[in-house]
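Beneath this line is the structure, given in structure tokens, with notes to follow.
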Number of protein chains: 2
Amino acid sequence: MTQKKKALEGLKVIDLTSALSGPFCTMILADYGADVIKIEPVHGDQCRTWGPFDKKSGESGFFCYVNRNKKGCTLNLKSEKGLQMFYDLVKDADFLCENYKGGVTKKLKIDYETIKKINPRIIYVSGSGFGLNSPISHRPCYDIVAQAMGGMLYLTGFKDQPPVKVGPSVADHVSGIYQALGALVALHYRDRTGEGQLVDVAMFDTIFSLLEAAIPYYTMNGIISERNGNIDPSIAPFDVYSCKDGYVALGVGNERLWKKFCQTIGKPELLEDEKYKTNDLRVQNYKSGLQNIISDWVKNYTKKELEIMMDEAGIPCGPVMNIKEAIEHPHTKARDMIVHVNHPTAGDLAFQGVVAKLSASPGEVTFASPLLGQDNCEVFHLTKEEEAKLQEEGVL
Amino acid sequence: MTQKKKALEGLKVIDLTSALSGPFCTMILADYGADVIKIEPVHGDQCRTWGPFDKKSGESGFFCYVNRNKKGCTLNLKSEKGLQMFYDLVKDADFLCENYKGGVTKKLKIDYETIKKINPRIIYVSGSGFGLNSPISHRPCYDIVAQAMGGMLYLTGFKDQPPVKVGPSVADHVSGIYQALGALVALHYRDRTGEGQLVDVAMFDTIFSLLEAAIPYYTMNGIISERNGNIDPSIAPFDVYSCKDGYVALGVGNERLWKKFCQTIGKPELLEDEKYKTNDLRVQNYKSGLQNIISDWVKNYTKKELEIMMDEAGIPCGPVMNIKEAIEHPHTKARDMIVHVNHPTAGDLAFQGVVAKLSASPGEVTFASPLLGQDNCEVFHLTKEEEAKLQEEGVL
């Protein structure tokens, strides 16, 4: 078997990002072969202090996961020498990625207007809570704030209960994916024209873009969508049901599936019931009847039994799996969604693999996240003595 | 002002996708200027029957939103003539996008192995529930099923209550974004090497990739993360609080912010409290004390008052906004996150704009979603008479 080439090989990414959203973007670029040089402040990326921790080495599993495949340097951008070293570094870079709060890059003299004078071909990727041209650009933003303001938190949860945030940090992650996407659109543009540009992604906009039909429901019909638990507002049955040993999700999205479903649960009489003749009627009469009928049936079976029955009938169904179950599912193995890497101090680590599978130039995890400043000498062309001197001066 | 060029201009996308996940991918490609030709079965994409509906024309707002900027044809791939017309169409295409259930493309004779013989340079983008090489590839999958099996549903909701799905269809959307991302990675690879390839994205993997530290918590320490309501498992205070007229999200992620926060809420004594000295201690003692202290303070203020106070203090905070509030927020306007388009039968439509803002080659919404089969003559080079004949034969 010949070694497959990597898609983004030879592209140099200067990575000033920290925490999650920006690093998730540069992780994606690194997974596909870009040469990502992560630059941390002298005290390190804040997420080096976020759990889980390796018991022996104390390394943050969070940091290791999202910074795999990256080289690592330190640099004090507030020192004159550090800033100069940074300018030297970006001269031949293809991408500069940052996720500072709005306004910070200007203060640091590393904003796009400054950098493009040094390197007009650079693609400058900026991820932030509210983007670069919003009246609230200056505000700090966490995932939960973007979920709240972008409209997703309001729509998640049960009707008669407080809104609830999406468990994992969906605003951070998806904003990171949009940043990588924008970077690649800009790369194709540069491949054709030679021109670099600025890519500007906001977490608010990211969340807003996922609201689906809720937006046209309002703009078209003035309807303010409410949270609806596990029920789809326009399809029924489409819900999560409690079973013998947990929960299962079931979706019956068209007439063909509805017929199959009634047969599978041994209730063909539902097909003749006027209340359930069409999807619209099933939606209208779900809570007042259909929901109970299905719940009463489901509770007699286990997750596994239901999964198998519905699989045989071709009806979309899935058990609500916890982390262990999801990791151990045969699907996860077949798709290489858990990858291993050997870390110099933490040893064998396992975390999420690459999502978009490319047949000719697949992404892969090749090496572990960097120890703080481990590649200073290589990246800045320093001897060990020069590095020590710059560390003493507070530059590295 | 000169007209800005579009990044993906001149790229031809043959789009067989339906419903949401695949169409969201091709919508992104179309927004950046790709020439997307949507091919629907003769009876139309199923989501033409999904609400909201325009009262006069009956058009689906859902369909119009996610299929803007695309041309539209019909084609019966199960007819011999239809299949031949399809093969002709893909000869010079850059991308073929599909989101059939695993196995269907082979049955239709339009799988990657078949298509690459016709056009070896093509980038074939496949979106599905479980990808092309999973033991459960054959299964149908809805968003809720991917959220359930991928591990997100289990992690969303309050601790003592059933799990709850993310309101909007996060698996569909984010899978669509990953499909577009994979397509662009493959495009760069083709720009360098001339080689096309297969891009394979699963909704299960998409969700799994968003689980963040929950995965290393299990692989490193054997901990199965549980849902935690609005509380972050590793930062405190970080929660959603009930206020006078709704809810606000607040995140206090480091020591500097904690100091600011205690001053802002007029409780500097908390800074001296041994129980809250470090973030780790605040996490440990949040539910037993800190949560109530903050809740009691927050409930005296309105969303707006809290937003302004926290903005002035530089503390990440955001009101939980409903659709109307999110649409009408000045941020949304400044970022062009609502765009308008004139639809031939439904008139003025307004929906989500483009997320990743590119300065030199921005994405934009130029024209409305297609009426069923509206571009048949142009795309297949037919006269009106030829079109009518093929329609009679059941090919179009």
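Each chain of the structure tokens is named A, B, ... in the order shown, its residues numbered from 1; ligands are numbered from 1 in display order.
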### Task
Write out as a list in words which residues come within 7 Å of segment 336-339 of chain A when counting only C-alpha atoms, dropping same-chain ones fewer than 3 positions away.
Thr332, Lys333, Ala350, Phe351, Gln352, Gly353 and Val354 of chain A; Asp205 of chain B
### Message
I'd like the neighbourhood of segment 228-240 of chain B as a VMD selection string, where a residue qualifies if any of its atoms comes within 8 Å (using only C-alpha atoms), though same-chain residues fewer than 6 positions away should be ignored.
### Response
(chain A and resid 50 to 51 144 164 to 165 167) or (chain B and resid 155 to 159 247 to 253 279 to 280 282 to 283 286 290 to 291)
Let's have the selection written as an mmCIF file, in the first residue's frame, with C-alpha atoms.
```cif
data_model
loop_
_atom_site.group_PDB
_atom_site.id
_atom_site.type_symbol
_atom_site.label_atom_id
_atom_site.label_comp_id
_atom_site.auth_asym_id
_atom_site.auth_seq_id
_atom_site.Cartn_x
_atom_site.Cartn_y
_atom_site.Cartn_z
ATOM 1 C CA TRP A 50 -9.157 22.251 32.009
ATOM 2 C CA GLY A 51 -10.006 18.632 32.816
ATOM 3 C CA ILE A 144 -23.445 29.331 26.667
ATOM 4 C CA VAL A 164 -31.584 24.137 28.717
ATOM 5 C CA LYS A 165 -28.295 24.493 26.925
ATOM 6 C CA GLY A 167 -24.725 19.722 26.697
ATOM 7 C CA LEU B 155 -25.744 14.816 27.712
ATOM 8 C CA THR B 156 -28.460 17.424 27.183
ATOM 9 C CA GLY B 157 -31.106 18.169 29.808
ATOM 10 C CA PHE B 158 -31.359 18.394 33.558
ATOM 11 C CA LYS B 159 -29.806 15.783 35.780
ATOM 12 C CA TYR B 247 -33.546 34.002 31.642
ATOM 13 C CA VAL B 248 -29.916 35.041 31.291
ATOM 14 C CA ALA B 249 -26.782 32.986 30.714
ATOM 15 C CA LEU B 250 -23.706 33.926 32.718
ATOM 16 C CA GLY B 251 -20.202 32.513 32.505
ATOM 17 C CA VAL B 252 -17.384 33.399 34.894
ATOM 18 C CA GLY B 253 -14.438 31.471 33.542
ATOM 19 C CA ASN B 279 -12.470 27.618 40.240
ATOM 20 C CA ASP B 280 -12.209 24.013 41.410
ATOM 21 C CA ARG B 282 -16.418 27.008 43.157
ATOM 22 C CA VAL B 283 -17.307 23.977 41.007
ATOM 23 C CA TYR B 286 -21.680 25.639 43.439
ATOM 24 C CA LEU B 290 -23.081 29.740 45.184
ATOM 25 C CA GLN B 291 -25.975 28.902 42.852
#
```
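With atom CA of Gly131 of chain B on one side and atom CA of Phe63 of chain B on the other, the separation reads 24.5 Å.
For Glu364 of chain A, the residues within 7 Å (counting only C-alpha atoms, excluding itself and residues fewer than 2 positions away along the chain) are A:Asp31, A:Tyr32, A:Val354, A:Pro362, A:Thr366.
Candidate residues B:Gln197, B:Ser369, B:Ser169, B:Gln84 were compared for distance to Ser126 of chain B, and the nearest is B:Gln197, using only C-alpha atoms.
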### Task
Return the single residue from B:His343, B:Lys324, B:Lys277, B:Lys81 that is closest to chain A, with distances computed using only C-alpha atoms.
B:Lys324
### Message
Residues near Gly289 of chain A, anyone? I mean within 12 Å using only C-alpha atoms, not counting same-chain ones fewer than 4 positions away, as number ranges by chain.
### Response
A: 236-237, 270, 273, 275-276, 281-285, 293-296
### Query
Contacts of Lys357 of chain B at 8 Å or less, counting only C-alpha atoms, minus same-chain residues fewer than 4 places along, as a list in words?
Gly182, Leu198, Val199, Asp200 and Val201 of chain A; Pro362 and Gly363 of chain B
Store the residues picked out above, limited to N, CA, C and O atoms, as an mmCIF file, in the first residue's frame.
```cif
data_model
loop_
_atom_site.group_PDB
_atom_site.id
_atom_site.type_symbol
_atom_site.label_atom_id
_atom_site.label_comp_id
_atom_site.auth_asym_id
_atom_site.auth_seq_id
_atom_site.Cartn_x
_atom_site.Cartn_y
_atom_site.Cartn_z
ATOM 1 N N GLY A 182 -14.554 28.478 6.003
ATOM 2 C CA GLY A 182 -14.261 29.786 5.418
ATOM 3 C C GLY A 182 -12.817 29.866 4.946
ATOM 4 O O GLY A 182 -12.520 30.408 3.869
ATOM 5 N N LEU A 198 -9.728 38.262 4.539
ATOM 6 C CA LEU A 198 -10.131 38.084 5.933
ATOM 7 C C LEU A 198 -11.372 37.204 6.019
ATOM 8 O O LEU A 198 -12.332 37.426 5.288
ATOM 9 N N VAL A 199 -11.336 36.214 6.887
ATOM 10 C CA VAL A 199 -12.501 35.363 7.158
ATOM 11 C C VAL A 199 -12.940 35.646 8.591
ATOM 12 O O VAL A 199 -12.147 35.526 9.517
ATOM 13 N N ASP A 200 -14.198 36.005 8.757
ATOM 14 C CA ASP A 200 -14.685 36.512 10.044
ATOM 15 C C ASP A 200 -15.919 35.701 10.450
ATOM 16 O O ASP A 200 -16.952 35.769 9.792
ATOM 17 N N VAL A 201 -15.792 34.922 11.524
ATOM 18 C CA VAL A 201 -16.888 34.034 11.960
ATOM 19 C C VAL A 201 -17.293 34.370 13.395
ATOM 20 O O VAL A 201 -16.441 34.450 14.280
ATOM 21 N N PRO B 362 -17.101 37.391 -0.678
ATOM 22 C CA PRO B 362 -18.146 37.021 0.283
ATOM 23 C C PRO B 362 -19.217 36.128 -0.318
ATOM 24 O O PRO B 362 -19.507 36.232 -1.512
ATOM 25 N N GLY B 363 -19.797 35.272 0.503
ATOM 26 C CA GLY B 363 -20.979 34.540 0.076
ATOM 27 C C GLY B 363 -22.169 35.474 0.047
ATOM 28 O O GLY B 363 -22.183 36.494 0.740
#
```
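One distance worth recording is that between atom CA of Ala213 of chain B and atom CA of Val13 of chain A, which is 24.5 Å.
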### Query
Closest to chain A among B:Ser79, B:Gln161, B:Asn342, B:Asn133, using only C-alpha atoms?
B:Asn133
### Query
Do you know which residues are at most 7 Å from Glu59 of chain B counting only C-alpha atoms, after dropping those on the same chain fewer than 3 positions away, and could you put them as an MDAnalysis selection string?
chainID B and resid 53:54 346
